[in-house]
Amino acid sequence: MKLFSRKNRPEAVTGEQVILLIDGMHCTSCGLLIEDELEDLPGVRSAATDVRAGRSVVRLEDGADIDTAALVAAVEAAGDYTARIAD
């Protein structure tokens, strides 16, 4: 895990996105930890976490085949958080 590293990603992203609902975040550092864990997964282009809204928008590389359970596991590996895929 790379703490607080930001990948240089283009702002305009065309890949599929997955929205995760996350419980247990309290501050910006929580969001950064979660983003780092998600961005370390193969096929993830970027992750943007909104602590106040309790969610993260994960943008996937074009054609990436990611198991949503891996996304949830990455969030939970970042700390004392629980996550689920938004409907």
# chains A, B, ... in the order shown; residues from 1 in each chain; ligands from 1
>>> select_by_dssp(residues="chain A", states="alpha helix (DSSP H)", output="list in words")
Thr28, Ser29, Cys30, Gly31, Leu32, Leu33, Ile34, Glu35, Asp36, Glu37, Leu38, Glu39, Thr68, Ala69, Ala70, Leu71, Val72, Ala73, Ala74, Val75, Glu76 and Ala77 of chain A
>>> residues_around(residues="Arg45 (chain A)", least_positions_apart="2", cutoff="7 Å", atoms="only C-alpha atoms", output="number ranges by chain")
A: 39, 43, 59-61
>>> write_last_selection(atoms="N, CA, C and O atoms", output="PDB file, in the first residue's frame")
ATOM      1  N   GLU A  39      -6.959   2.124  -6.345  1.00  0.00           N
ATOM      2  CA  GLU A  39      -6.133   2.406  -7.515  1.00  0.00           C
ATOM      3  C   GLU A  39      -4.996   1.411  -7.703  1.00  0.00           C
ATOM      4  O   GLU A  39      -4.421   1.335  -8.791  1.00  0.00           O
ATOM      5  N   GLY A  43      -6.696  -2.787 -13.574  1.00  0.00           N
ATOM      6  CA  GLY A  43      -7.922  -2.451 -14.284  1.00  0.00           C
ATOM      7  C   GLY A  43      -8.634  -1.216 -13.765  1.00  0.00           C
ATOM      8  O   GLY A  43      -9.571  -0.746 -14.377  1.00  0.00           O
ATOM      9  N   ARG A  59     -13.452   4.420 -11.536  1.00  0.00           N
ATOM     10  CA  ARG A  59     -13.478   4.369 -12.998  1.00  0.00           C
ATOM     11  C   ARG A  59     -12.515   3.281 -13.454  1.00  0.00           C
ATOM     12  O   ARG A  59     -11.375   3.219 -13.005  1.00  0.00           O
ATOM     13  N   LEU A  60     -13.016   2.447 -14.353  1.00  0.00           N
ATOM     14  CA  LEU A  60     -12.260   1.293 -14.811  1.00  0.00           C
ATOM     15  C   LEU A  60     -11.624   1.570 -16.165  1.00  0.00           C
ATOM     16  O   LEU A  60     -12.123   2.374 -16.954  1.00  0.00           O
ATOM     17  N   GLU A  61     -10.512   0.881 -16.420  1.00  0.00           N
ATOM     18  CA  GLU A  61      -9.871   0.944 -17.727  1.00  0.00           C
ATOM     19  C   GLU A  61     -10.844   0.386 -18.764  1.00  0.00           C
ATOM     20  O   GLU A  61     -11.677  -0.470 -18.446  1.00  0.00           O
TER      21      GLU A  61
END
>>> closest_residue(among="A:Leu32, A:Asp87, A:Leu20, A:Arg52", to="Leu71 (chain A)", atoms="only C-alpha atoms")
A:Leu20
>>> closest_residue(among="A:Ile19, A:Ala64, A:Val72, A:Ala53", to="Glu37 (chain A)", atoms="only C-alpha atoms")
A:Val72
>>> closest_residue(among="A:Ile34, A:Val58, A:Ala47, A:Leu41", to="Glu16 (chain A)", atoms="only C-alpha atoms")
A:Val58
>>> select_by_dssp(residues="chain A", states="strand (DSSP E)", output="PDB file with N, CA and C atoms, in the first residue's frame")
ATOM      1  N   GLN A  17     -17.783   2.861 -14.883  1.00  0.00           N
ATOM      2  CA  GLN A  17     -17.571   3.238 -13.488  1.00  0.00           C
ATOM      3  C   GLN A  17     -18.433   2.391 -12.571  1.00  0.00           C
ATOM      4  N   VAL A  18     -17.939   2.237 -11.345  1.00  0.00           N
ATOM      5  CA  VAL A  18     -18.654   1.522 -10.296  1.00  0.00           C
ATOM      6  C   VAL A  18     -18.728   2.462  -9.102  1.00  0.00           C
ATOM      7  N   ILE A  19     -19.895   2.552  -8.496  1.00  0.00           N
ATOM      8  CA  ILE A  19     -20.051   3.400  -7.313  1.00  0.00           C
ATOM      9  C   ILE A  19     -20.129   2.503  -6.093  1.00  0.00           C
ATOM     10  N   LEU A  20     -19.248   2.780  -5.139  1.00  0.00           N
ATOM     11  CA  LEU A  20     -19.217   2.045  -3.878  1.00  0.00           C
ATOM     12  C   LEU A  20     -19.778   2.925  -2.770  1.00  0.00           C
ATOM     13  N   LEU A  21     -20.647   2.373  -1.943  1.00  0.00           N
ATOM     14  CA  LEU A  21     -21.134   3.055  -0.754  1.00  0.00           C
ATOM     15  C   LEU A  21     -20.286   2.570   0.408  1.00  0.00           C
ATOM     16  N   ILE A  22     -19.705   3.501   1.161  1.00  0.00           N
ATOM     17  CA  ILE A  22     -18.708   3.160   2.171  1.00  0.00           C
ATOM     18  C   ILE A  22     -19.117   3.724   3.524  1.00  0.00           C
ATOM     19  N   ASP A  23     -19.085   2.874   4.535  1.00  0.00           N
ATOM     20  CA  ASP A  23     -19.335   3.287   5.916  1.00  0.00           C
ATOM     21  C   ASP A  23     -18.025   3.255   6.686  1.00  0.00           C
ATOM     22  N   VAL A  44      -8.173  -0.683 -12.619  1.00  0.00           N
ATOM     23  CA  VAL A  44      -8.774   0.534 -12.082  1.00  0.00           C
ATOM     24  C   VAL A  44      -8.008   1.730 -12.616  1.00  0.00           C
ATOM     25  N   ARG A  45      -8.723   2.623 -13.266  1.00  0.00           N
ATOM     26  CA  ARG A  45      -8.106   3.843 -13.810  1.00  0.00           C
ATOM     27  C   ARG A  45      -7.967   4.893 -12.720  1.00  0.00           C
ATOM     28  N   SER A  46      -9.040   5.113 -11.943  1.00  0.00           N
ATOM     29  CA  SER A  46      -8.998   6.103 -10.872  1.00  0.00           C
ATOM     30  C   SER A  46     -10.115   5.837  -9.881  1.00  0.00           C
ATOM     31  N   ALA A  47      -9.968   6.428  -8.708  1.00  0.00           N
ATOM     32  CA  ALA A  47     -11.002   6.359  -7.679  1.00  0.00           C
ATOM     33  C   ALA A  47     -11.119   7.749  -7.066  1.00  0.00           C
ATOM     34  N   ALA A  48     -12.348   8.208  -6.911  1.00  0.00           N
ATOM     35  CA  ALA A  48     -12.609   9.506  -6.290  1.00  0.00           C
ATOM     36  C   ALA A  48     -13.582   9.275  -5.140  1.00  0.00           C
ATOM     37  N   THR A  49     -13.112   9.541  -3.932  1.00  0.00           N
ATOM     38  CA  THR A  49     -13.899   9.267  -2.738  1.00  0.00           C
ATOM     39  C   THR A  49     -14.424  10.563  -2.142  1.00  0.00           C
ATOM     40  N   ASP A  50     -15.701  10.558  -1.808  1.00  0.00           N
ATOM     41  CA  ASP A  50     -16.359  11.689  -1.159  1.00  0.00           C
ATOM     42  C   ASP A  50     -16.722  11.235   0.257  1.00  0.00           C
ATOM     43  N   ARG A  55     -19.157   7.711  -0.275  1.00  0.00           N
ATOM     44  CA  ARG A  55     -19.089   6.908  -1.492  1.00  0.00           C
ATOM     45  C   ARG A  55     -17.782   7.136  -2.243  1.00  0.00           C
ATOM     46  N   SER A  56     -17.509   6.211  -3.132  1.00  0.00           N
ATOM     47  CA  SER A  56     -16.345   6.320  -4.000  1.00  0.00           C
ATOM     48  C   SER A  56     -16.774   5.949  -5.410  1.00  0.00           C
ATOM     49  N   VAL A  57     -16.355   6.761  -6.370  1.00  0.00           N
ATOM     50  CA  VAL A  57     -16.610   6.461  -7.772  1.00  0.00           C
ATOM     51  C   VAL A  57     -15.320   5.890  -8.345  1.00  0.00           C
ATOM     52  N   VAL A  58     -15.398   4.640  -8.774  1.00  0.00           N
ATOM     53  CA  VAL A  58     -14.239   3.936  -9.303  1.00  0.00           C
ATOM     54  C   VAL A  58     -14.396   3.848 -10.813  1.00  0.00           C
ATOM     55  N   ARG A  59     -13.452   4.420 -11.536  1.00  0.00           N
ATOM     56  CA  ARG A  59     -13.478   4.369 -12.998  1.00  0.00           C
ATOM     57  C   ARG A  59     -12.515   3.281 -13.454  1.00  0.00           C
ATOM     58  N   LEU A  60     -13.016   2.447 -14.353  1.00  0.00           N
ATOM     59  CA  LEU A  60     -12.260   1.293 -14.811  1.00  0.00           C
ATOM     60  C   LEU A  60     -11.624   1.570 -16.165  1.00  0.00           C
ATOM     61  N   THR A  82     -16.606  -0.574   5.802  1.00  0.00           N
ATOM     62  CA  THR A  82     -17.441  -1.541   5.108  1.00  0.00           C
ATOM     63  C   THR A  82     -17.919  -0.909   3.815  1.00  0.00           C
ATOM     64  N   ALA A  83     -18.064  -1.719   2.794  1.00  0.00           N
ATOM     65  CA  ALA A  83     -18.442  -1.194   1.492  1.00  0.00           C
ATOM     66  C   ALA A  83     -19.430  -2.133   0.817  1.00  0.00           C
ATOM     67  N   ARG A  84     -20.234  -1.537  -0.069  1.00  0.00           N
ATOM     68  CA  ARG A  84     -21.134  -2.312  -0.908  1.00  0.00           C
ATOM     69  C   ARG A  84     -21.297  -1.569  -2.229  1.00  0.00           C
ATOM     70  N   ILE A  85     -21.672  -2.297  -3.249  1.00  0.00           N
ATOM     71  CA  ILE A  85     -21.879  -1.714  -4.560  1.00  0.00           C
ATOM     72  C   ILE A  85     -23.235  -1.012  -4.564  1.00  0.00           C
TER      73      ILE A  85
END
>>> closest_residue(among="A:Leu33, A:Cys27, A:Pro42, A:Tyr81", to="Asp67 (chain A)", atoms="only C-alpha atoms")
A:Pro42
>>> atom_distance(atom1="CA of Gly54 (chain A)", atom2="CA of Ile66 (chain A)")
21.6 Å
>>> closest_residue(among="A:Met25, A:Ala86, A:Leu38, A:Val51", to="Ala70 (chain A)", atoms="only C-alpha atoms")
A:Leu38
>>> atom_distance(atom1="CA of Asp62 (chain A)", atom2="CA of Asp40 (chain A)")
16.3 Å
